[in-house]
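Data block below; observations after.
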Amino acid sequence: MKWICSVSLAVSLAMQPAFAVQSLPAPHAMTEQARDAFVSQLLKKMTLDEKIGQLRLISVGPDTPKEAIRDMIQKGQVGAIFNTVTRPDIRAMQDQVMQLSRLKIPLFFAYDVVHGQRTIFPIPLGLAASWDRDAVSEVGRISAYEAADDGLNMTWAPMVDVSREPRWGRVSEGFGEDTYLTSVMGSTMVKAMQGKSPADRYSVMTSVKHFALYGAVEGGREYNSVDMSPQRMFQDYLPPYKASLDAGSGGVMVALNSINGVPASADSWLLKDLLRKQWGFKGITISDHGAIKELIDHGVASDPQDAVRIALKSGMDMSMSDEYYSKYLPGLVKSGAVTMQELDDATRHVLNVKYDMGLFNDPYSHLGPKEIDPQDTNAESRLHREQARDVARKSMVLLKNRLETLPLKNSGTIALIGPLADSKRDIMGSWSAAGVTEQSVTLLQGMQAATAGKATLLYAKGANITDNSKVQDFLNLYEKGVTVDSRTPQQMLDEAVEKARQADVIVAAVGEAQGMAHEASSRTNIDIPPSQQKLLAALKATGKPLVIVLMNGRPLTLVKEDQMADAMLETWFSGTEGGNAIADVLFGAYNPSGKLPMTFPRSVGQIPLYYNHLSTGRPYDFTNPQKYKSRYFDINNSPLYPFGYGLSYTTFTVSPVTLSAPAMAHNGTINASVTVTNSGKRDGATVVQLYLNDPVASISRPVKELHGFQRIMLKAGESQTVSFKIDADMLKFWNQQLQHVAEPGKFNVMIGLDSARIQSASFDYR
Ligand code: NOJ
């Protein structure tokens with residue numbers, strides 16, 4: 001297979017300057033002062049309708065085709081567009097503004113570029129599993145490059161909703177359960193996508209979402225409400241949004257959920273007091289799809305006017321995909337229910353970000369002349385396959401490897417079985433943006449390329465992803481998400497078993513359809529679907545070594561699979577180059593180094609199950625089991641695989657922790673070090689993780705909390721000392737009075753290669 005990689009793009013990405021400002025003549029200086037003066041002047045010229053028009057964000061689609069909005073664009077009734085992703089389409093709309101509207105205020109164009117634009121990278125949960133800042137930064141830069149090259153100015157990403165809820169399908173879109181890891185990944189993504197400035201030719205402005213606490217929806221049920229103590233909110237859930245805004249994100253998408261009874265879209269404490277006054281945010285707030293209308297269903301607005309009044313007054317600047325602002329704001333402003341100042345504030349925020357995007361300097365800055373438009377939008381040469389393959393390999397987590405079943409020998413006969421083995425759509429994951437399904441590499445294709453001329457590869461689908469017709473219908477509601485084989489389940493199973501019997505080893509590709517881990521796809525049961533469990537049992541019964549390759553967008557309950565498998569590899573939905581990347585890991589061309597960004601429970605009944613839980617008054621000790629302790633009587637408290645866990649084809653040892661001093665002075669620092677040794681026979685990378693614990697504090701504190709990590713590469717036999725600097729800020733927490741404090745006393749330092757197996761030491765903070 002020959003994959004063409006755009007050499008010029010690849011070179012420019014490697015050298016970075018493609019992301020530096022390639023300024024066109026700038027009539028307007030890119031300073032805050034110049035921007036404020038420009039926007040103030042512009043606001044004075046605008047009519048009421050033109051101001052309201054700026055607040056409208058239209059999704060182009062079947063309900064609002066591009067022809068239908070032409071007139072509105074010309075009249076200045078639209079501020080921005082999303083779901084339009086080609087340069088000719090975008091240029092045509094911008095032309096309508098620039099040639100026919102009164103004030104010629106450029107539109108901005110946005111899209112859900114969540115894990116790639118043309119090149120699809122692993123889903124964000126997989127990116128988090130790499131624990132690799134450089135890899136995530138590369139994904140951000142390439143995604144922004146491709147998005148800007150398509151004419152886009154903004155992305156609805158990153159999603160930094162911390163979640164301890166594997167039932168929630170949207171955990172696939174975020175960076176997992178941990179506050180620190182999510183903050184690092186979110187801020188890295190923002191910096192990479194925005195580059196030096198969102199006005200640069202190959203940068204896009206980010207829109208951090210979903211503000212706030214969406215990941216904590218009750219029961220993991222999509223769009224459900226959130227109820228949370230202020231301490232937990234400030235300690236665990238808000239920091240990733242703050243970190244992403246501190247990294248410079250120009251946009252914030254507001255969450256659909258309510259928080260302690262108040263819908264985020266109607267929460268002036270959230271959108272004004274916290275976001276703008278306390279955090280100093282100067283960018284734009286954008287509603288999620290139809291959220292203003294939904295205030296009526298939330299039961300906080302009596303009618304459309306009421307919903308609009310509440311949302312605007314609460315600090316919601318732009319309305320996504322509903323006509324409510326346009327319809328009802330004129331009357332509300334005229335009656336005085338909404339003041340002109342309030343309208344001006346919202347309009348100003350929209351104009352500010354347009355200014356920051358450089359659109360007033362050049363409305364076509366991300367388009368260029370039409371003569372250089374790509375002849376084929378989906379051209380192979382526009383993809384960044386090499387980088388996609390590399391990042392995908394880094395995202396994979398080896399969960400089990402009995403008797404060194406992996407890496408596979410590239411000889412003899414291998415049977416590749418499973419409904420996900422040759423599925424081009426599923427491997428791309430949930431938000432595949434402008435990615436083209438046909439361009440993705442399946443595991444079958446990847447293994448065919450790897451084994452050519454070496455091993456014999458047999459293939460059978462073996463089962464449908466699910467035989468449940470209701471689930472099939474659900475997955476096929478808006479797109480052909482799953483195909484159901486014309487053969488009976490038994491015929492498929494028989495074929496698979498027959499192929500498996502001929503093989504030396506079986507590779508079973510099982511898991512979820514991409515549509516099972518997406519928006520609006522919550523599950524009460526996070527098992528592998530029964531059709532595939534049956535397949536696995538039949539394969540196991542052949543007695544051949546069984547390698548399970550998982551493709552899924554959330555933690556699954558895998559007790560039975562763990563028992564059956566000789567080896568198990570978590571590959572998430574790994575993107576355009578997924579099949580090649582998985583083959584690299586299976587055959588040992590790449591030694592896996594990924595670590596879980598979420599706890600994998602044994603049973604759905606344990607949820608929420610997360611590593612940084614509080615101590616209880618009756619902690620359960622499994623070495624001394626007692627009845628009246630905090631436990632389930634039918635299952636262990638522990639997860640199947642803990643947060644931070646992941647194996648390698650080599651082994652590592654970690655020395656005891658050495659501290660630079662027995663005590664840390666007030667506001668001082670202390671160093672904690674370990675020596676990590678690659679004690680196996682292969683070179684490999686691992687992630688050294690730093691956890692802290694405050695054993696006695698004014699409120700109960702988590703048993704451990706991640707505060708640092710370093711990904712290191714060690715040759716076989718090599719050792720490296722890894723040091724972490726601990727400062728007083730890392731000891732702080734939000735106390736009962738909501739003050740952010742570090743209390744004097746003992747602190748435990750824990751360092752390890754996952755959250756469960758750690759070396760510890762302690763120091764005094766004075
Ligand atoms: C709704 C989703 O909640 C949000 O994440 C997404 O960005 C918008 N739709 C636009 O597609």
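Residue names in the structure tokens use chain letters A, B, ... in the order shown, residue numbers from 1 in each chain, and ligand numbers from 1 in the order shown.
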Interface rows for chain A against ligand 1: nearest pair, Å to one decimal, 8 Å, only C-alpha atoms and all ligand atoms, as JSON lines:
{"residue": "A:Phe82", "atom": "CA", "partner": "ligand 1", "partner_atom_place_in_ligand_line": "10 (C)", "distance": 8.0}
{"residue": "A:Asn83", "atom": "CA", "partner": "ligand 1", "partner_atom_place_in_ligand_line": "11 (O)", "distance": 7.8}
{"residue": "A:Tyr111", "atom": "CA", "partner": "ligand 1", "partner_atom_place_in_ligand_line": "11 (O)", "distance": 7.1}
{"residue": "A:Asp112", "atom": "CA", "partner": "ligand 1", "partner_atom_place_in_ligand_line": "7 (O)", "distance": 5.6}
{"residue": "A:Trp156", "atom": "CA", "partner": "ligand 1", "partner_atom_place_in_ligand_line": "7 (O)", "distance": 5.0}
{"residue": "A:Ala157", "atom": "CA", "partner": "ligand 1", "partner_atom_place_in_ligand_line": "7 (O)", "distance": 7.4}
{"residue": "A:Met159", "atom": "CA", "partner": "ligand 1", "partner_atom_place_in_ligand_line": "5 (O)", "distance": 7.6}
{"residue": "A:Lys209", "atom": "CA", "partner": "ligand 1", "partner_atom_place_in_ligand_line": "5 (O)", "distance": 7.0}
{"residue": "A:His210", "atom": "CA", "partner": "ligand 1", "partner_atom_place_in_ligand_line": "5 (O)", "distance": 7.0}
{"residue": "A:Met253", "atom": "CA", "partner": "ligand 1", "partner_atom_place_in_ligand_line": "7 (O)", "distance": 7.7}
{"residue": "A:Ala255", "atom": "CA", "partner": "ligand 1", "partner_atom_place_in_ligand_line": "3 (O)", "distance": 7.5}
{"residue": "A:Leu256", "atom": "CA", "partner": "ligand 1", "partner_atom_place_in_ligand_line": "3 (O)", "distance": 7.3}
{"residue": "A:Asp288", "atom": "CA", "partner": "ligand 1", "partner_atom_place_in_ligand_line": "1 (C)", "distance": 5.6}
{"residue": "A:His289", "atom": "CA", "partner": "ligand 1", "partner_atom_place_in_ligand_line": "9 (N)", "distance": 5.1}
{"residue": "A:Glu519", "atom": "CA", "partner": "ligand 1", "partner_atom_place_in_ligand_line": "3 (O)", "distance": 6.7}
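The protein and nucleic acid residues lying at most 10 Å from A:Phe108 are A:Leu57, A:Val78, A:Gly79, A:Ala80, A:Ile81, A:Phe82, A:Ile90, A:Gln94, A:Gly151, A:Leu152, A:Asn153, A:Met154, A:Val350, A:Val353, A:Lys354, A:Met357, A:Leu359, A:Pro363, with only C-alpha atoms considered and sequence neighbours fewer than 5 positions away removed.
Of the residues listed (A:Pro124, A:Gly418, A:Gly617, A:Gly248), A:Gly418 shows the shortest atom-to-atom separation from A:Ser531; distances use only C-alpha atoms.
Restricting the calculation to only C-alpha atoms, the smallest distance between A:Glu705 and any of A:Leu181, A:Leu383, A:Ala346, A:Ala29 is found for A:Leu181.
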Give me the residues near stretch 498-506 of chain A as a PDB file with N, CA, C and O atoms, in the first residue's frame, where near means some atom within 10 Å (using only C-alpha atoms) and where sequence neighbours in that chain fewer than 4 positions away do not count.
ATOM      1  N   THR A 405       2.520 -13.478  24.988  1.00  0.00           N
ATOM      2  CA  THR A 405       1.764 -13.806  23.761  1.00  0.00           C
ATOM      3  C   THR A 405       2.046 -12.752  22.687  1.00  0.00           C
ATOM      4  O   THR A 405       2.136 -13.060  21.501  1.00  0.00           O
ATOM      5  N   LEU A 408       3.288 -10.634  18.367  1.00  0.00           N
ATOM      6  CA  LEU A 408       3.047 -11.834  17.567  1.00  0.00           C
ATOM      7  C   LEU A 408       4.258 -12.151  16.705  1.00  0.00           C
ATOM      8  O   LEU A 408       4.948 -11.241  16.241  1.00  0.00           O
ATOM      9  N   LYS A 409       4.457 -13.430  16.491  1.00  0.00           N
ATOM     10  CA  LYS A 409       5.471 -13.824  15.509  1.00  0.00           C
ATOM     11  C   LYS A 409       4.867 -13.595  14.128  1.00  0.00           C
ATOM     12  O   LYS A 409       3.711 -13.953  13.892  1.00  0.00           O
ATOM     13  N   SER A 411       4.853 -15.056  11.360  1.00  0.00           N
ATOM     14  CA  SER A 411       5.041 -16.284  10.568  1.00  0.00           C
ATOM     15  C   SER A 411       3.868 -17.201  10.886  1.00  0.00           C
ATOM     16  O   SER A 411       3.046 -16.875  11.757  1.00  0.00           O
ATOM     17  N   GLY A 412       3.790 -18.331  10.232  1.00  0.00           N
ATOM     18  CA  GLY A 412       2.702 -19.270  10.495  1.00  0.00           C
ATOM     19  C   GLY A 412       1.371 -18.700  10.034  1.00  0.00           C
ATOM     20  O   GLY A 412       1.298 -17.903   9.091  1.00  0.00           O
ATOM     21  N   THR A 413       0.290 -19.090  10.744  1.00  0.00           N
ATOM     22  CA  THR A 413      -1.051 -18.653  10.336  1.00  0.00           C
ATOM     23  C   THR A 413      -1.718 -17.880  11.468  1.00  0.00           C
ATOM     24  O   THR A 413      -1.736 -18.328  12.620  1.00  0.00           O
ATOM     25  N   ILE A 414      -2.249 -16.721  11.119  1.00  0.00           N
ATOM     26  CA  ILE A 414      -2.933 -15.874  12.103  1.00  0.00           C
ATOM     27  C   ILE A 414      -4.383 -15.718  11.642  1.00  0.00           C
ATOM     28  O   ILE A 414      -4.629 -15.417  10.471  1.00  0.00           O
ATOM     29  N   ALA A 415      -5.320 -15.918  12.565  1.00  0.00           N
ATOM     30  CA  ALA A 415      -6.731 -15.691  12.216  1.00  0.00           C
ATOM     31  C   ALA A 415      -7.165 -14.362  12.819  1.00  0.00           C
ATOM     32  O   ALA A 415      -7.081 -14.171  14.033  1.00  0.00           O
ATOM     33  N   LEU A 416      -7.596 -13.454  11.975  1.00  0.00           N
ATOM     34  CA  LEU A 416      -8.139 -12.173  12.449  1.00  0.00           C
ATOM     35  C   LEU A 416      -9.654 -12.264  12.368  1.00  0.00           C
ATOM     36  O   LEU A 416     -10.213 -12.457  11.278  1.00  0.00           O
ATOM     37  N   ILE A 417     -10.296 -12.159  13.511  1.00  0.00           N
ATOM     38  CA  ILE A 417     -11.751 -12.375  13.574  1.00  0.00           C
ATOM     39  C   ILE A 417     -12.392 -11.177  14.274  1.00  0.00           C
ATOM     40  O   ILE A 417     -11.807 -10.633  15.215  1.00  0.00           O
ATOM     41  N   THR A 456       0.582 -16.194   7.024  1.00  0.00           N
ATOM     42  CA  THR A 456      -0.718 -16.348   6.356  1.00  0.00           C
ATOM     43  C   THR A 456      -1.776 -15.717   7.251  1.00  0.00           C
ATOM     44  O   THR A 456      -1.845 -16.019   8.446  1.00  0.00           O
ATOM     45  N   LEU A 457      -2.583 -14.839   6.657  1.00  0.00           N
ATOM     46  CA  LEU A 457      -3.613 -14.154   7.438  1.00  0.00           C
ATOM     47  C   LEU A 457      -4.993 -14.621   6.982  1.00  0.00           C
ATOM     48  O   LEU A 457      -5.338 -14.477   5.809  1.00  0.00           O
ATOM     49  N   LEU A 458      -5.764 -15.172   7.920  1.00  0.00           N
ATOM     50  CA  LEU A 458      -7.144 -15.563   7.607  1.00  0.00           C
ATOM     51  C   LEU A 458      -8.067 -14.548   8.262  1.00  0.00           C
ATOM     52  O   LEU A 458      -7.751 -14.011   9.324  1.00  0.00           O
ATOM     53  N   TYR A 459      -9.211 -14.309   7.637  1.00  0.00           N
ATOM     54  CA  TYR A 459     -10.128 -13.315   8.212  1.00  0.00           C
ATOM     55  C   TYR A 459     -11.568 -13.802   8.185  1.00  0.00           C
ATOM     56  O   TYR A 459     -12.004 -14.415   7.211  1.00  0.00           O
ATOM     57  N   ALA A 460     -12.298 -13.526   9.262  1.00  0.00           N
ATOM     58  CA  ALA A 460     -13.752 -13.723   9.271  1.00  0.00           C
ATOM     59  C   ALA A 460     -14.374 -12.673  10.176  1.00  0.00           C
ATOM     60  O   ALA A 460     -13.791 -12.305  11.202  1.00  0.00           O
ATOM     61  N   GLY A 462     -17.235 -12.999  11.902  1.00  0.00           N
ATOM     62  CA  GLY A 462     -17.547 -13.739  13.129  1.00  0.00           C
ATOM     63  C   GLY A 462     -18.846 -13.388  13.826  1.00  0.00           C
ATOM     64  O   GLY A 462     -19.495 -14.258  14.405  1.00  0.00           O
ATOM     65  N   LEU A 493     -20.509 -17.378  12.938  1.00  0.00           N
ATOM     66  CA  LEU A 493     -19.722 -17.991  14.014  1.00  0.00           C
ATOM     67  C   LEU A 493     -18.982 -19.239  13.502  1.00  0.00           C
ATOM     68  O   LEU A 493     -17.798 -19.438  13.787  1.00  0.00           O
ATOM     69  N   ASP A 494     -19.700 -20.051  12.744  1.00  0.00           N
ATOM     70  CA  ASP A 494     -19.093 -21.285  12.223  1.00  0.00           C
ATOM     71  C   ASP A 494     -17.881 -20.978  11.350  1.00  0.00           C
ATOM     72  O   ASP A 494     -16.840 -21.619  11.460  1.00  0.00           O
ATOM     73  N   ALA A 538     -16.571 -18.842  21.717  1.00  0.00           N
ATOM     74  CA  ALA A 538     -16.353 -19.887  20.712  1.00  0.00           C
ATOM     75  C   ALA A 538     -14.889 -19.917  20.274  1.00  0.00           C
ATOM     76  O   ALA A 538     -14.308 -20.988  20.051  1.00  0.00           O
ATOM     77  N   LEU A 539     -14.280 -18.753  20.164  1.00  0.00           N
ATOM     78  CA  LEU A 539     -12.871 -18.706  19.770  1.00  0.00           C
ATOM     79  C   LEU A 539     -11.996 -19.299  20.867  1.00  0.00           C
ATOM     80  O   LEU A 539     -11.060 -20.054  20.614  1.00  0.00           O
ATOM     81  N   LYS A 540     -12.338 -18.964  22.094  1.00  0.00           N
ATOM     82  CA  LYS A 540     -11.574 -19.481  23.236  1.00  0.00           C
ATOM     83  C   LYS A 540     -11.624 -21.014  23.253  1.00  0.00           C
ATOM     84  O   LYS A 540     -10.634 -21.696  23.548  1.00  0.00           O
ATOM     85  N   ALA A 541     -12.803 -21.530  22.926  1.00  0.00           N
ATOM     86  CA  ALA A 541     -13.010 -22.986  22.976  1.00  0.00           C
ATOM     87  C   ALA A 541     -12.132 -23.736  21.969  1.00  0.00           C
ATOM     88  O   ALA A 541     -11.942 -24.944  22.087  1.00  0.00           O
ATOM     89  N   THR A 542     -11.566 -23.043  20.995  1.00  0.00           N
ATOM     90  CA  THR A 542     -10.669 -23.727  20.054  1.00  0.00           C
ATOM     91  C   THR A 542      -9.345 -24.077  20.729  1.00  0.00           C
ATOM     92  O   THR A 542      -8.563 -24.864  20.189  1.00  0.00           O
ATOM     93  N   GLY A 543      -9.069 -23.454  21.867  1.00  0.00           N
ATOM     94  CA  GLY A 543      -7.826 -23.741  22.582  1.00  0.00           C
ATOM     95  C   GLY A 543      -6.617 -22.999  22.029  1.00  0.00           C
ATOM     96  O   GLY A 543      -5.501 -23.154  22.523  1.00  0.00           O
ATOM     97  N   LYS A 544      -6.832 -22.188  21.015  1.00  0.00           N
ATOM     98  CA  LYS A 544      -5.707 -21.433  20.433  1.00  0.00           C
ATOM     99  C   LYS A 544      -5.443 -20.180  21.270  1.00  0.00           C
ATOM    100  O   LYS A 544      -6.368 -19.644  21.887  1.00  0.00           O
ATOM    101  N   PRO A 545      -4.187 -19.697  21.275  1.00  0.00           N
ATOM    102  CA  PRO A 545      -3.924 -18.444  21.988  1.00  0.00           C
ATOM    103  C   PRO A 545      -4.831 -17.335  21.448  1.00  0.00           C
ATOM    104  O   PRO A 545      -5.008 -17.213  20.232  1.00  0.00           O
ATOM    105  N   LEU A 546      -5.388 -16.564  22.374  1.00  0.00           N
ATOM    106  CA  LEU A 546      -6.381 -15.551  21.982  1.00  0.00           C
ATOM    107  C   LEU A 546      -5.891 -14.151  22.362  1.00  0.00           C
ATOM    108  O   LEU A 546      -5.666 -13.856  23.538  1.00  0.00           O
ATOM    109  N   VAL A 547      -5.771 -13.312  21.343  1.00  0.00           N
ATOM    110  CA  VAL A 547      -5.400 -11.906  21.567  1.00  0.00           C
ATOM    111  C   VAL A 547      -6.651 -11.071  21.316  1.00  0.00           C
ATOM    112  O   VAL A 547      -7.217 -11.124  20.219  1.00  0.00           O
ATOM    113  N   ILE A 548      -7.071 -10.343  22.324  1.00  0.00           N
ATOM    114  CA  ILE A 548      -8.253  -9.490  22.123  1.00  0.00           C
ATOM    115  C   ILE A 548      -7.783  -8.064  21.839  1.00  0.00           C
ATOM    116  O   ILE A 548      -7.016  -7.483  22.609  1.00  0.00           O
ATOM    117  N   ASP A 566      -5.371 -14.288  26.288  1.00  0.00           N
ATOM    118  CA  ASP A 566      -3.951 -14.440  26.607  1.00  0.00           C
ATOM    119  C   ASP A 566      -3.300 -13.067  26.586  1.00  0.00           C
ATOM    120  O   ASP A 566      -2.381 -12.789  27.346  1.00  0.00           O
TER     121      ASP A 566
END
TODO: Find the spatial neighbours of A:Arg348, counting only C-alpha atoms, within a cut-off of 8 Å - ignore same-chain residues fewer than 2 positions away - and output them as a PyMOL selection string.
DONE: chain A and resi 39-40+43+344-346+350-352
Please, could you write that set of residues out with N, CA and C atoms as a PDB file, in the first residue's frame?
ATOM      1  N   VAL A  39     -13.786  48.130  17.793  1.00  0.00           N
ATOM      2  CA  VAL A  39     -15.108  47.531  18.025  1.00  0.00           C
ATOM      3  C   VAL A  39     -16.083  48.597  18.547  1.00  0.00           C
ATOM      4  N   SER A  40     -15.599  49.509  19.379  1.00  0.00           N
ATOM      5  CA  SER A  40     -16.490  50.568  19.888  1.00  0.00           C
ATOM      6  C   SER A  40     -17.009  51.419  18.735  1.00  0.00           C
ATOM      7  N   LEU A  43     -19.553  49.365  16.751  1.00  0.00           N
ATOM      8  CA  LEU A  43     -20.834  49.219  17.464  1.00  0.00           C
ATOM      9  C   LEU A  43     -21.709  50.463  17.277  1.00  0.00           C
ATOM     10  N   ASP A 344     -25.119  45.189  23.748  1.00  0.00           N
ATOM     11  CA  ASP A 344     -23.806  45.637  23.265  1.00  0.00           C
ATOM     12  C   ASP A 344     -22.683  44.756  23.809  1.00  0.00           C
ATOM     13  N   ASP A 345     -22.799  44.364  25.063  1.00  0.00           N
ATOM     14  CA  ASP A 345     -21.753  43.521  25.661  1.00  0.00           C
ATOM     15  C   ASP A 345     -21.612  42.219  24.868  1.00  0.00           C
ATOM     16  N   ALA A 346     -22.757  41.585  24.599  1.00  0.00           N
ATOM     17  CA  ALA A 346     -22.713  40.311  23.868  1.00  0.00           C
ATOM     18  C   ALA A 346     -22.167  40.527  22.456  1.00  0.00           C
ATOM     19  N   VAL A 350     -18.596  39.066  20.376  1.00  0.00           N
ATOM     20  CA  VAL A 350     -18.528  38.415  19.054  1.00  0.00           C
ATOM     21  C   VAL A 350     -17.547  39.181  18.154  1.00  0.00           C
ATOM     22  N   LEU A 351     -17.678  40.502  18.150  1.00  0.00           N
ATOM     23  CA  LEU A 351     -16.801  41.307  17.285  1.00  0.00           C
ATOM     24  C   LEU A 351     -15.348  41.197  17.741  1.00  0.00           C
ATOM     25  N   ASN A 352     -15.158  41.131  19.062  1.00  0.00           N
ATOM     26  CA  ASN A 352     -13.790  40.960  19.577  1.00  0.00           C
ATOM     27  C   ASN A 352     -13.135  39.711  19.004  1.00  0.00           C
TER      28      ASN A 352
END
Task: DSSP-assigned alpha helix (DSSP H) among stretch 58-154 of chain A, expressed as a PyMOL selection string - done: chain A and resi 66-74+87-100+124-130+133-149
